[in-house]
file query11.cif (mmCIF, C-alpha atoms and all ligand atoms)
data_work
#
loop_
_atom_site.group_PDB
_atom_site.id
_atom_site.type_symbol
_atom_site.label_atom_id
_atom_site.label_comp_id
_atom_site.auth_asym_id
_atom_site.auth_seq_id
_atom_site.Cartn_x
_atom_site.Cartn_y
_atom_site.Cartn_z
ATOM 1 C CA MET A 1 122.543 54.796 132.566
ATOM 2 C CA ALA A 2 121.285 57.775 130.604
ATOM 3 C CA PHE A 3 124.724 59.308 130.859
ATOM 4 C CA PHE A 4 126.350 56.353 129.090
ATOM 5 C CA LYS A 5 123.634 56.337 126.465
ATOM 6 C CA ARG A 6 124.219 60.024 125.853
ATOM 7 C CA MET A 7 127.937 59.325 125.443
ATOM 8 C CA ARG A 8 127.161 56.564 122.997
ATOM 9 C CA VAL A 9 124.979 58.867 120.931
ATOM 10 C CA LYS A 10 127.921 61.273 120.696
ATOM 11 C CA PHE A 11 130.128 58.583 119.171
ATOM 12 C CA HIS A 12 127.655 56.897 116.877
ATOM 13 C CA ASP A 13 125.841 58.386 113.941
ATOM 14 C CA ASP A 14 123.107 55.794 114.097
ATOM 15 C CA TRP A 15 121.718 56.558 117.548
ATOM 16 C CA CYS A 16 118.606 58.685 117.958
ATOM 17 C CA GLU A 17 119.451 61.846 119.866
ATOM 18 C CA ASP A 18 115.994 62.040 121.410
ATOM 19 C CA CYS A 19 115.288 58.456 122.361
ATOM 20 C CA LEU A 20 118.955 57.525 122.944
ATOM 21 C CA GLU A 21 118.353 54.289 121.088
ATOM 22 C CA LYS A 22 120.153 52.580 118.265
ATOM 23 C CA MET A 23 118.388 53.275 114.992
ATOM 24 C CA GLN A 24 117.759 50.823 112.194
ATOM 25 C CA LEU A 25 119.410 51.050 108.794
ATOM 26 C CA VAL A 26 116.422 51.149 106.458
ATOM 27 C CA LYS A 27 118.050 52.076 103.140
ATOM 28 C CA LYS A 28 121.405 52.162 101.411
ATOM 29 C CA GLN A 29 122.122 53.766 98.052
ATOM 30 C CA LEU A 30 125.197 54.566 96.003
ATOM 31 C CA PHE A 31 125.366 57.753 93.939
ATOM 32 C CA TYR A 32 127.568 59.278 91.297
ATOM 33 C CA MET A 33 128.768 62.711 92.376
ATOM 34 C CA PRO A 34 130.025 65.121 89.665
ATOM 35 C CA GLN A 35 133.375 65.978 91.273
ATOM 36 C CA SER A 36 136.778 64.915 90.004
ATOM 37 C CA VAL A 37 140.023 63.763 91.597
ATOM 38 C CA GLY A 38 142.079 66.634 92.995
ATOM 39 C CA HIS A 39 139.158 69.071 92.854
ATOM 40 C CA TYR A 40 136.953 67.873 95.690
ATOM 41 C CA ILE A 41 134.917 70.587 97.375
ATOM 42 C CA ARG A 42 132.930 69.757 100.498
ATOM 43 C CA HIS A 43 129.343 70.997 100.330
ATOM 44 C CA GLU A 44 127.418 71.367 103.571
ATOM 45 C CA ASP A 45 124.089 72.331 102.039
ATOM 46 C CA ALA A 46 121.607 69.573 101.278
ATOM 47 C CA ALA A 47 120.500 71.376 98.111
ATOM 48 C CA TYR A 48 123.799 70.499 96.437
ATOM 49 C CA TYR A 49 123.186 66.782 96.949
ATOM 50 C CA VAL A 50 119.529 66.915 95.954
ATOM 51 C CA LYS A 51 120.536 68.612 92.710
ATOM 52 C CA ASN A 52 123.695 66.690 91.794
ATOM 53 C CA LEU A 53 123.599 63.109 93.039
ATOM 54 C CA ILE A 54 122.683 60.478 90.472
ATOM 55 C CA PRO A 55 121.832 56.985 91.737
ATOM 56 C CA VAL A 56 123.975 54.134 90.381
ATOM 57 C CA GLU A 57 123.944 50.406 90.987
ATOM 58 C CA LYS A 58 127.558 49.655 91.744
ATOM 59 C CA LYS A 59 130.968 51.246 92.166
ATOM 60 C CA ALA A 60 132.012 50.123 88.686
ATOM 61 C CA ASP A 61 129.442 52.564 87.264
ATOM 62 C CA ILE A 62 131.527 55.507 88.490
ATOM 63 C CA PRO A 63 133.924 56.748 85.764
ATOM 64 C CA THR A 64 137.667 56.788 86.522
ATOM 65 C CA GLY A 65 138.698 59.811 88.568
ATOM 66 C CA MET A 66 135.130 60.775 89.522
ATOM 67 C CA TYR A 67 133.529 60.787 92.951
ATOM 68 C CA ALA A 68 130.906 58.526 94.432
ATOM 69 C CA CYS A 69 128.714 59.155 97.452
ATOM 70 C CA GLY A 70 127.180 56.549 99.720
ATOM 71 C CA MET A 71 123.879 57.183 101.458
ATOM 72 C CA TYR A 72 122.687 55.460 104.634
ATOM 73 C CA VAL A 73 119.170 56.092 105.896
ATOM 74 C CA TYR A 74 118.511 55.323 109.560
ATOM 75 C CA ARG A 75 115.125 55.266 111.225
ATOM 76 C CA CYS A 76 114.351 55.409 114.912
ATOM 77 C CA MET A 77 111.871 52.635 115.728
ATOM 78 C CA GLN A 78 110.593 54.597 118.731
ATOM 79 C CA CYS A 79 109.926 58.098 117.433
ATOM 80 C CA GLY A 80 110.172 57.477 113.713
ATOM 81 C CA VAL A 81 112.770 60.200 113.036
ATOM 82 C CA ARG A 82 115.006 59.701 110.006
ATOM 83 C CA TYR A 83 118.725 60.499 109.828
ATOM 84 C CA VAL A 84 120.607 60.435 106.556
ATOM 85 C CA LYS A 85 124.357 59.940 106.435
ATOM 86 C CA LEU A 86 126.301 60.782 103.271
ATOM 87 C CA THR A 87 129.781 59.389 102.702
ATOM 88 C CA PRO A 88 131.539 61.021 99.731
ATOM 89 C CA PHE A 89 134.522 59.074 98.430
ATOM 90 C CA LEU A 90 136.789 58.638 95.432
ATOM 91 C CA PRO A 91 136.796 55.042 94.162
ATOM 92 C CA VAL A 92 140.298 53.994 93.047
ATOM 93 C CA ARG A 93 140.682 50.456 91.707
ATOM 94 C CA GLY A 94 138.532 48.851 94.385
ATOM 95 C CA GLU A 95 139.943 51.056 97.148
ATOM 96 C CA GLU A 96 138.261 54.164 98.485
ATOM 97 C CA LYS A 97 139.667 57.547 99.351
ATOM 98 C CA ASN A 98 137.147 58.708 101.931
ATOM 99 C CA GLU A 99 136.140 62.284 102.572
ATOM 100 C CA LEU A 100 134.461 63.412 105.798
ATOM 101 C CA PRO A 101 130.885 62.125 106.047
ATOM 102 C CA LEU A 102 127.871 64.416 106.492
ATOM 103 C CA MET A 103 124.761 63.954 108.612
ATOM 104 C CA PHE A 104 121.328 65.340 107.782
ATOM 105 C CA MET A 105 118.887 64.951 110.656
ATOM 106 C CA LYS A 106 116.011 67.234 109.760
ATOM 107 C CA GLY A 107 114.722 65.736 106.536
ATOM 108 C CA GLU A 108 116.789 68.033 104.306
ATOM 109 C CA LEU A 109 117.263 65.228 101.786
ATOM 110 C CA ASN A 110 113.657 64.033 101.600
ATOM 111 C CA GLU A 111 113.366 65.169 98.007
ATOM 112 C CA LEU A 112 116.354 63.010 97.060
ATOM 113 C CA LEU A 113 115.029 60.059 99.065
ATOM 114 C CA GLU A 114 111.730 60.189 97.240
ATOM 115 C CA SER A 115 113.434 60.207 93.863
ATOM 116 C CA ILE A 116 115.178 56.865 94.343
ATOM 117 C CA MET B 1 142.565 70.298 63.104
ATOM 118 C CA GLN B 2 144.756 67.775 61.313
ATOM 119 C CA VAL B 3 148.234 67.166 62.616
ATOM 120 C CA THR B 4 150.627 65.513 60.210
ATOM 121 C CA ASN B 5 152.872 62.691 61.235
ATOM 122 C CA GLN B 6 155.854 64.548 59.853
ATOM 123 C CA GLU B 7 156.154 66.559 63.004
ATOM 124 C CA VAL B 8 156.802 63.482 65.081
ATOM 125 C CA VAL B 9 159.276 61.613 62.921
ATOM 126 C CA LEU B 10 161.659 63.574 65.117
ATOM 127 C CA THR B 11 162.328 61.884 68.413
ATOM 128 C CA ILE B 12 160.892 63.596 71.425
ATOM 129 C CA ARG B 13 163.526 65.133 73.643
ATOM 130 C CA LYS B 14 162.583 66.038 77.182
ATOM 131 C CA VAL B 15 165.748 68.006 77.751
ATOM 132 C CA ASN B 16 167.462 70.589 75.623
ATOM 133 C CA PRO B 17 171.131 70.279 76.704
ATOM 134 C CA LEU B 18 172.040 73.849 75.732
ATOM 135 C CA TYR B 19 169.108 75.333 77.625
ATOM 136 C CA THR B 20 169.844 73.146 80.640
ATOM 137 C CA ILE B 21 173.548 74.017 80.702
ATOM 138 C CA ILE B 22 172.766 77.724 80.449
ATOM 139 C CA TYR B 23 170.134 77.332 83.144
ATOM 140 C CA PHE B 24 172.554 75.706 85.594
ATOM 141 C CA MET B 25 175.654 77.674 84.606
ATOM 142 C CA VAL B 26 174.432 81.269 84.737
ATOM 143 C CA PRO B 27 174.433 81.550 88.566
ATOM 144 C CA VAL B 28 177.841 79.826 88.648
ATOM 145 C CA LEU B 29 179.199 82.403 86.193
ATOM 146 C CA VAL B 30 177.768 85.216 88.283
ATOM 147 C CA PHE B 31 179.579 83.762 91.312
ATOM 148 C CA ALA B 32 182.825 83.545 89.357
ATOM 149 C CA VAL B 33 182.575 87.116 88.066
ATOM 150 C CA ALA B 34 181.751 88.435 91.542
ATOM 151 C CA ALA B 35 184.694 86.502 92.997
ATOM 152 C CA VAL B 36 187.090 87.872 90.380
ATOM 153 C CA ILE B 37 185.870 91.429 90.990
ATOM 154 C CA GLY B 38 186.072 90.943 94.743
ATOM 155 C CA ILE B 39 189.668 89.730 94.593
ATOM 156 C CA ASN B 40 190.966 92.155 91.958
ATOM 157 C CA TYR B 41 189.492 95.250 93.510
ATOM 158 C CA ASP B 42 190.109 94.165 97.092
ATOM 159 C CA LEU B 43 186.588 95.180 98.102
ATOM 160 C CA ILE B 44 185.900 96.001 101.716
ATOM 161 C CA GLY B 45 182.815 96.831 103.803
ATOM 162 C CA THR B 46 179.500 97.086 102.004
ATOM 163 C CA ALA B 47 180.961 96.357 98.598
ATOM 164 C CA ALA B 48 182.473 93.085 99.850
ATOM 165 C CA VAL B 49 179.171 92.031 101.395
ATOM 166 C CA VAL B 50 177.328 92.831 98.175
ATOM 167 C CA SER B 51 179.849 90.966 96.044
ATOM 168 C CA PHE B 52 179.316 87.886 98.200
ATOM 169 C CA PHE B 53 175.605 87.941 98.916
ATOM 170 C CA GLY B 54 174.588 89.448 95.584
ATOM 171 C CA PRO B 55 175.325 86.228 93.675
ATOM 172 C CA VAL B 56 173.643 84.136 96.399
ATOM 173 C CA VAL B 57 170.449 86.170 96.119
ATOM 174 C CA PHE B 58 170.686 86.025 92.342
ATOM 175 C CA ALA B 59 171.084 82.208 92.385
ATOM 176 C CA VAL B 60 168.055 81.804 94.650
ATOM 177 C CA LEU B 61 165.916 84.061 92.449
ATOM 178 C CA TRP B 62 167.156 82.325 89.318
ATOM 179 C CA TYR B 63 166.474 78.737 90.410
ATOM 180 C CA TRP B 64 163.367 79.150 92.526
ATOM 181 C CA ILE B 65 161.569 81.972 90.774
ATOM 182 C CA GLY B 66 163.165 82.482 87.365
ATOM 183 C CA ASN B 67 162.760 78.999 85.910
ATOM 184 C CA PRO B 68 159.236 78.310 87.209
ATOM 185 C CA LEU B 69 158.176 81.751 86.017
ATOM 186 C CA LEU B 70 159.693 81.191 82.580
ATOM 187 C CA PHE B 71 157.993 77.796 82.365
ATOM 188 C CA LYS B 72 154.693 79.362 83.336
ATOM 189 C CA LEU B 73 155.013 82.058 80.674
ATOM 190 C CA ARG B 74 155.973 79.426 78.091
ATOM 191 C CA ARG B 75 152.981 77.335 79.135
ATOM 192 C CA LYS B 76 150.589 80.250 78.622
ATOM 193 C CA LYS B 77 152.085 80.940 75.182
ATOM 194 C CA PHE B 78 151.931 77.208 74.347
ATOM 195 C CA GLU B 79 148.229 77.132 75.266
ATOM 196 C CA ARG B 80 147.520 80.222 73.172
ATOM 197 C CA GLU B 81 149.317 78.649 70.219
ATOM 198 C CA LEU B 82 147.313 75.435 70.603
ATOM 199 C CA ASP B 83 144.070 77.410 70.702
ATOM 200 C CA ALA B 84 145.112 79.370 67.612
ATOM 201 C CA MET B 85 145.703 76.177 65.618
ATOM 202 C CA GLY B 86 142.320 74.746 66.611
ATOM 203 C CA PHE B 87 143.655 72.246 69.112
ATOM 204 C CA VAL B 88 140.765 71.577 71.511
ATOM 205 C CA ARG B 89 142.325 71.505 74.983
ATOM 206 C CA SER B 90 139.821 69.092 76.494
ATOM 207 C CA TYR B 91 142.230 67.726 79.092
ATOM 208 C CA THR B 92 145.457 69.105 80.567
ATOM 209 C CA PHE B 93 147.710 67.579 83.173
ATOM 210 C CA TYR B 94 150.132 70.040 84.731
ATOM 211 C CA GLY B 95 153.130 68.004 85.876
ATOM 212 C CA SER B 96 156.077 69.704 87.560
ATOM 213 C CA SER B 97 158.288 69.166 84.509
ATOM 214 C CA THR B 98 155.884 68.099 81.772
ATOM 215 C CA ILE B 99 152.615 69.613 80.577
ATOM 216 C CA THR B 100 150.384 67.063 78.827
ATOM 217 C CA VAL B 101 147.495 68.425 76.780
ATOM 218 C CA ILE B 102 145.025 66.155 75.009
ATOM 219 C CA ASP B 103 142.514 67.017 72.301
ATOM 220 C CA GLU B 104 140.055 64.147 72.655
ATOM 221 C CA GLN B 105 137.892 65.308 69.776
ATOM 222 C CA ASN B 106 140.620 65.446 67.121
ATOM 223 C CA ALA B 107 142.734 62.812 68.876
ATOM 224 C CA ASN B 108 145.932 64.825 69.218
ATOM 225 C CA VAL B 109 148.437 65.148 72.037
ATOM 226 C CA ALA B 110 150.692 68.090 72.907
ATOM 227 C CA LEU B 111 153.654 68.069 75.279
ATOM 228 C CA LEU B 112 155.798 70.828 76.738
ATOM 229 C CA PHE B 113 158.855 70.083 78.869
ATOM 230 C CA ARG B 114 160.333 72.255 81.560
ATOM 231 C CA PHE B 115 163.880 71.721 80.369
ATOM 232 C CA HIS B 116 162.982 72.080 76.724
ATOM 233 C CA PRO B 117 160.510 74.937 77.005
ATOM 234 C CA PHE B 118 160.921 76.426 73.548
ATOM 235 C CA ARG B 119 160.065 73.210 71.711
ATOM 236 C CA PRO B 120 156.440 72.079 72.076
ATOM 237 C CA TYR B 121 155.550 68.675 70.581
ATOM 238 C CA ILE B 122 152.194 68.163 68.927
ATOM 239 C CA PHE B 123 151.243 64.852 67.328
ATOM 240 C CA PRO B 124 148.390 62.414 66.641
ATOM 241 C CA ALA B 125 147.409 60.338 69.690
ATOM 242 C CA ALA B 126 148.151 57.178 67.684
ATOM 243 C CA ARG B 127 151.814 57.943 68.313
ATOM 244 C CA VAL B 128 151.306 57.082 71.967
ATOM 245 C CA LYS B 129 151.690 53.342 71.469
ATOM 246 C CA LYS B 130 150.890 52.599 75.059
ATOM 247 C CA ALA B 131 150.234 54.424 78.314
ATOM 248 C CA TRP B 132 150.104 53.031 81.811
ATOM 249 C CA THR B 133 150.151 53.940 85.480
ATOM 250 C CA ASP B 134 153.151 53.170 87.681
ATOM 251 C CA ASP B 135 152.052 53.138 91.319
ATOM 252 C CA GLY B 136 155.654 53.049 92.585
ATOM 253 C CA ARG B 137 154.915 50.081 94.857
ATOM 254 C CA MET B 138 157.928 48.972 96.885
ATOM 255 C CA GLY B 139 158.653 46.615 99.773
ATOM 256 C CA LYS B 140 156.730 43.688 101.196
ATOM 257 C CA GLY B 141 154.246 43.193 104.014
ATOM 258 C CA PHE B 142 154.009 46.086 106.456
ATOM 259 C CA MET B 143 156.889 47.807 104.640
ATOM 260 C CA GLU B 144 154.880 47.971 101.426
ATOM 261 C CA GLY B 145 154.313 51.476 100.176
ATOM 262 C CA SER B 146 155.164 54.111 97.611
ATOM 263 C CA SER B 147 156.606 57.597 97.468
ATOM 264 C CA GLN B 148 155.739 58.323 93.835
ATOM 265 C CA VAL B 149 153.000 57.674 91.325
ATOM 266 C CA SER B 150 153.256 58.461 87.633
ATOM 267 C CA PHE B 151 151.828 57.742 84.225
ATOM 268 C CA ILE B 152 154.126 56.682 81.422
ATOM 269 C CA MET B 153 153.648 57.245 77.706
ATOM 270 C CA ALA B 154 155.514 55.120 75.179
ATOM 271 C CA ILE B 155 156.070 57.361 72.165
ATOM 272 C CA GLY B 156 158.231 55.776 69.489
ATOM 273 C CA ARG B 157 161.176 54.367 71.376
ATOM 274 C CA LYS B 158 160.867 56.988 74.101
ATOM 275 C CA LYS B 159 159.158 56.576 77.419
ATOM 276 C CA ILE B 160 157.908 59.797 78.947
ATOM 277 C CA ARG B 161 157.188 59.608 82.675
ATOM 278 C CA VAL B 162 154.979 62.230 84.316
ATOM 279 C CA TYR B 163 154.574 62.248 88.086
ATOM 280 C CA THR B 164 151.121 62.677 89.566
ATOM 281 C CA PHE B 165 152.467 62.353 93.114
ATOM 282 C CA ARG B 166 155.962 62.586 94.542
ATOM 283 C CA SER B 167 157.244 62.809 98.090
ATOM 284 C CA ASN B 168 160.437 62.292 100.069
ATOM 285 C CA ARG B 169 158.654 59.896 102.409
ATOM 286 C CA ARG B 170 156.817 56.670 101.845
ATOM 287 C CA PHE B 171 153.054 56.228 102.125
ATOM 288 C CA THR B 172 151.024 53.035 102.366
ATOM 289 C CA MET B 173 149.353 51.928 99.141
ATOM 290 C CA ASN B 174 145.857 52.768 100.419
ATOM 291 C CA SER B 175 146.788 56.201 101.785
ATOM 292 C CA ASP B 176 144.922 59.218 100.438
ATOM 293 C CA GLN B 177 148.085 60.529 98.762
ATOM 294 C CA ILE B 178 148.827 57.355 96.792
ATOM 295 C CA LEU B 179 145.182 56.696 95.896
ATOM 296 C CA THR B 180 144.820 60.273 94.605
ATOM 297 C CA GLY B 181 148.010 59.893 92.550
ATOM 298 C CA ILE B 182 146.806 56.604 91.057
ATOM 299 C CA SER B 183 143.400 58.060 90.250
ATOM 300 C CA LYS B 184 144.914 61.077 88.467
ATOM 301 C CA ALA B 185 147.251 58.829 86.466
ATOM 302 C CA ASP B 186 144.458 56.388 85.571
ATOM 303 C CA VAL B 187 142.388 59.286 84.202
ATOM 304 C CA VAL B 188 145.158 60.390 81.817
ATOM 305 C CA VAL B 189 145.858 56.795 80.762
ATOM 306 C CA GLU B 190 142.196 56.245 79.945
ATOM 307 C CA ILE B 191 141.936 59.476 77.945
ATOM 308 C CA LEU B 192 145.141 58.623 76.041
ATOM 309 C CA LYS B 193 143.816 55.157 75.227
ATOM 310 C CA ASN B 194 140.526 56.571 73.916
ATOM 311 C CA ALA B 195 142.317 59.278 71.948
ATOM 312 C CA HIS B 196 144.632 56.630 70.503
ATOM 313 C CA ASP B 197 141.704 54.534 69.287
ATOM 314 C CA ARG B 198 140.006 57.553 67.804
ATOM 315 C CA SER B 199 143.250 58.567 66.141
ATOM 316 C CA LEU B 200 143.321 55.173 64.404
ATOM 317 C CA GLU B 201 139.832 55.824 63.068
ATOM 318 C CA TYR B 202 141.212 59.028 61.573
ATOM 319 C CA GLY B 203 143.685 56.943 59.620
ATOM 320 C CA HIS B 204 146.801 57.073 61.757
ATOM 321 C CA ASN B 205 147.985 53.517 61.749
ATOM 322 C CA GLU B 206 149.832 52.678 64.907
ATOM 323 C CA LYS B 207 148.589 49.921 67.138
ATOM 324 C CA TYR B 208 148.040 50.335 70.827
ATOM 325 C CA GLU B 209 150.068 47.621 72.525
HETATM 326 ZN ZN ZN A 301 113.953 58.418 118.399
#
call {"tool": "encode", "arguments": {"input": "query11.cif", "output": "structure tokens"}}
result
Amino acid sequence: MAFFKRMRVKFHDDWCEDCLEKMQLVKKQLFYMPQSVGHYIRHEDAAYYVKNLIPVEKKADIPTGMYACGMYVYRCMQCGVRYVKLTPFLPVRGEEKNELPLMFMKGELNELLESI
Amino acid sequence: MQVTNQEVVLTIRKVNPLYTIIYFMVPVLVFAVAAVIGINYDLIGTAAVVSFFGPVVFAVLWYWIGNPLLFKLRRKKFERELDAMGFVRSYTFYGSSTITVIDEQNANVALLFRFHPFRPYIFPAARVKKAWTDDGRMGKGFMEGSSQVSFIMAIGRKKIRVYTFRSNRRFTMNSDQILTGISKADVVVEILKNAHDRSLEYGHNEKYE
């Protein structure tokens, strides 16, 4: 069974890699990201997000042509580890142009988490 | 910087016919001259090859490099001129045949057209009576899609269309390409609307429709 669990972990962001268990979504937050349409640059370093993301309440708070970034915080109920998934996207009239998501699994975004 | 309305009593023309005719005719003339020379002098060997391929190479350089290069040089000069007259270039959209520059602070708009490159237009944003996005939506159901997105400015009786996305194939309305095109167009439309309103505050009296 462990083999199948390992496979499942590979295909799901919200499974703990150590315990091979589904994690729980403990927090969701939307941010404004200071990048504009046509000029998106993917940043891999957590520092960029800690420095630039500004929490907002809803998608309508994002100005036309600017990027938003979703944040999903998962917690493993067994070992307590926290994974953070970021989903940058461009909101366009209720639709979303999605960029590739990013995963931070070693607490790189703790500073940002504490600020919201 | 204050721009007078006088400048824009003239209708905006996207195309200068003389420039366009010269642009399209020059390679044709070169072909004709080469053909005449080739026939009259009964060229053979290398000379014949040159008289045939020379004009072809020239036409390719002229259309694909010459015109874009000229437009680019004109654009740079245009931007320098705007800077010199105190036009604050706070937003620029580089379309393939139209450059749209907006000074949000002083509420002015400047346009430069690819086929009218020696005639920049600069006018108060109030002159843009209305601006909107055209998402190019076509078809119904699963056939629904678009191959072009643009923003349109109504200036006097003229409508100036500037493409933010164009393709020879169709994309679904929620594809990345179409969404990006719509977003870019919406940004310009919003800036034009704000500039228009500010322009009115500065005493230019045309209503946004
Ligand atoms: Zn765990």
call {"tool": "atom_distance", "arguments": {"input": "query11.cif", "atom1": "CA of Tyr121 (chain B)", "atom2": "CA of Thr20 (chain B)"}}
result
18.0 Å
call {"tool": "resolve_selection", "arguments": {"input": "query11.cif", "expression": "the PyMOL selection byres ((chain B) within 9 of (chain A and not hetatm))", "output": "list in words"}}
result
Asn174, Ser175, Asp176, Gln177, Leu179, Thr180, Gly181, Ile182, Ser183, Lys184, Ala185, Asp186, Val187 and Glu190 of chain B
call {"tool": "residues_near_ligand", "arguments": {"input": "query11.cif", "ligand": "ligand ZN 301 (chain A)", "cutoff": "6 Å", "atoms": "all atoms listed in the file", "output": "ChimeraX atom specification"}}
result
/A:16,18-19,76,78-79,81
call {"tool": "resolve_selection", "arguments": {"input": "query11.cif", "expression": "the PyMOL selection byres (((chain B and resi 193-202) around 9) and not hetatm)", "output": "ChimeraX atom specification"}}
result
/B:102-109,124-131,188-192,203-208
call {"tool": "write_last_selection", "arguments": {"input": "query11.cif", "atoms": "C-alpha atoms", "output": "PDB file, keeping the file's coordinate frame"}}
result
ATOM      1  CA  ILE B 102     145.025  66.155  75.009  1.00  0.00           C
ATOM      2  CA  ASP B 103     142.514  67.017  72.301  1.00  0.00           C
ATOM      3  CA  GLU B 104     140.055  64.147  72.655  1.00  0.00           C
ATOM      4  CA  GLN B 105     137.892  65.308  69.776  1.00  0.00           C
ATOM      5  CA  ASN B 106     140.620  65.446  67.121  1.00  0.00           C
ATOM      6  CA  ALA B 107     142.734  62.812  68.876  1.00  0.00           C
ATOM      7  CA  ASN B 108     145.932  64.825  69.218  1.00  0.00           C
ATOM      8  CA  VAL B 109     148.437  65.148  72.037  1.00  0.00           C
ATOM      9  CA  PRO B 124     148.390  62.414  66.641  1.00  0.00           C
ATOM     10  CA  ALA B 125     147.409  60.338  69.690  1.00  0.00           C
ATOM     11  CA  ALA B 126     148.151  57.178  67.684  1.00  0.00           C
ATOM     12  CA  ARG B 127     151.814  57.943  68.313  1.00  0.00           C
ATOM     13  CA  VAL B 128     151.306  57.082  71.967  1.00  0.00           C
ATOM     14  CA  LYS B 129     151.690  53.342  71.469  1.00  0.00           C
ATOM     15  CA  LYS B 130     150.890  52.599  75.059  1.00  0.00           C
ATOM     16  CA  ALA B 131     150.234  54.424  78.314  1.00  0.00           C
ATOM     17  CA  VAL B 188     145.158  60.390  81.817  1.00  0.00           C
ATOM     18  CA  VAL B 189     145.858  56.795  80.762  1.00  0.00           C
ATOM     19  CA  GLU B 190     142.196  56.245  79.945  1.00  0.00           C
ATOM     20  CA  ILE B 191     141.936  59.476  77.945  1.00  0.00           C
ATOM     21  CA  LEU B 192     145.141  58.623  76.041  1.00  0.00           C
ATOM     22  CA  GLY B 203     143.685  56.943  59.620  1.00  0.00           C
ATOM     23  CA  HIS B 204     146.801  57.073  61.757  1.00  0.00           C
ATOM     24  CA  ASN B 205     147.985  53.517  61.749  1.00  0.00           C
ATOM     25  CA  GLU B 206     149.832  52.678  64.907  1.00  0.00           C
ATOM     26  CA  LYS B 207     148.589  49.921  67.138  1.00  0.00           C
ATOM     27  CA  TYR B 208     148.040  50.335  70.827  1.00  0.00           C
TER      28      TYR B 208
END
call {"tool": "atom_distance", "arguments": {"input": "query11.cif", "atom1": "CA of Val162 (chain B)", "atom2": "CA of Ser150 (chain B)"}}
result
5.3 Å
call {"tool": "residues_around", "arguments": {"input": "query11.cif", "residues": "Phe87 (chain B)", "least_positions_apart": "2", "cutoff": "7 Å", "atoms": "all atoms listed in the file", "output": "list in words"}}
result
Met1, Leu82, Asp83, Met85, Arg89 and Asp103 of chain B
call {"tool": "atom_distance", "arguments": {"input": "query11.cif", "atom1": "CA of Ile122 (chain B)", "atom2": "CA of Trp62 (chain B)"}}
result
29.0 Å
call {"tool": "closest_residue", "arguments": {"input": "query11.cif", "among": "A:Ile116, A:Leu100, A:Val84, A:Asp13", "to": "Phe31 (chain A)", "atoms": "all atoms listed in the file"}}
result
A:Ile116
call {"tool": "residues_around", "arguments": {"input": "query11.cif", "residues": "region 75-81 of chain B", "least_positions_apart": "4", "cutoff": "9 Å", "atoms": "all atoms listed in the file", "output": "MDAnalysis selection string"}}
result
chainID B and resid 70:71 85:87 89 99 101 112 117 120
call {"tool": "resolve_selection", "arguments": {"input": "query11.cif", "expression": "the PyMOL selection byres (((chain B and resi 31) around 12) and not hetatm)", "output": "PyMOL selection string"}}
result
chain B and resi 25-30+32-38+50-59
call {"tool": "residues_around", "arguments": {"input": "query11.cif", "residues": "region 93-98 of chain B", "least_positions_apart": "6", "cutoff": "7 Å", "atoms": "all atoms listed in the file", "output": "list in words"}}
result
Leu111, Leu112, Phe113, Arg114, Val162, Tyr163 and Thr164 of chain B
call {"tool": "residues_near_point", "arguments": {"input": "query11.cif", "point": "(120.6, 64.3, 109.7)", "cutoff": "9 Å", "atoms": "all atoms listed in the file", "output": "PyMOL selection string"}}
result
chain A and resi 13+82-85+102-109
call {"tool": "residues_near_point", "arguments": {"input": "query11.cif", "point": "(123.6, 53.3, 115.9)", "cutoff": "12 Å", "atoms": "all atoms listed in the file", "output": "number ranges by chain"}}
result
A: 5, 8-17, 19-25, 72-77, 83, 85
call {"tool": "closest_residue", "arguments": {"input": "query11.cif", "among": "B:Ile178, B:Leu73, B:Phe123, B:Trp132", "to": "Ile160 (chain B)", "atoms": "all atoms listed in the file"}}
result
B:Trp132
call {"tool": "closest_residue", "arguments": {"input": "query11.cif", "among": "A:Tyr32, A:Arg42, A:Tyr48, A:Phe4", "to": "Tyr67 (chain A)", "atoms": "all atoms listed in the file"}}
result
A:Tyr32
call {"tool": "residues_around", "arguments": {"input": "query11.cif", "residues": "Ser146 (chain B)", "least_positions_apart": "4", "cutoff": "10 Å", "atoms": "all atoms listed in the file", "output": "PyMOL selection string"}}
result
chain B and resi 135-139+165-167+169-175+177-178
call {"tool": "write_last_selection", "arguments": {"input": "query11.cif", "atoms": "C-alpha atoms", "output": "short mmCIF file (atom, residue, chain, number, x, y, z; two decimals), keeping the file's coordinate frame"}}
result
data_model
loop_
_atom_site.label_atom_id
_atom_site.label_comp_id
_atom_site.auth_asym_id
_atom_site.auth_seq_id
_atom_site.Cartn_x
_atom_site.Cartn_y
_atom_site.Cartn_z
CA ASP B 135 152.05 53.14 91.32
CA GLY B 136 155.65 53.05 92.58
CA ARG B 137 154.92 50.08 94.86
CA MET B 138 157.93 48.97 96.88
CA GLY B 139 158.65 46.62 99.77
CA PHE B 165 152.47 62.35 93.11
CA ARG B 166 155.96 62.59 94.54
CA SER B 167 157.24 62.81 98.09
CA ARG B 169 158.65 59.90 102.41
CA ARG B 170 156.82 56.67 101.84
CA PHE B 171 153.05 56.23 102.12
CA THR B 172 151.02 53.04 102.37
CA MET B 173 149.35 51.93 99.14
CA ASN B 174 145.86 52.77 100.42
CA SER B 175 146.79 56.20 101.78
CA GLN B 177 148.08 60.53 98.76
CA ILE B 178 148.83 57.36 96.79
#
call {"tool": "residues_around", "arguments": {"input": "query11.cif", "residues": "Met71 (chain A)", "least_positions_apart": "5", "cutoff": "7 Å", "atoms": "all atoms listed in the file", "output": "PyMOL selection string"}}
result
chain A and resi 28-30+84-87
call {"tool": "write_last_selection", "arguments": {"input": "query11.cif", "atoms": "C-alpha atoms", "output": "CSV table (one decimal), in the frame of the given file"}}
result
chain,number,residue,atom,x,y,z
A,28,LYS,CA,121.4,52.2,101.4
A,29,GLN,CA,122.1,53.8,98.1
A,30,LEU,CA,125.2,54.6,96.0
A,84,VAL,CA,120.6,60.4,106.6
A,85,LYS,CA,124.4,59.9,106.4
A,86,LEU,CA,126.3,60.8,103.3
A,87,THR,CA,129.8,59.4,102.7
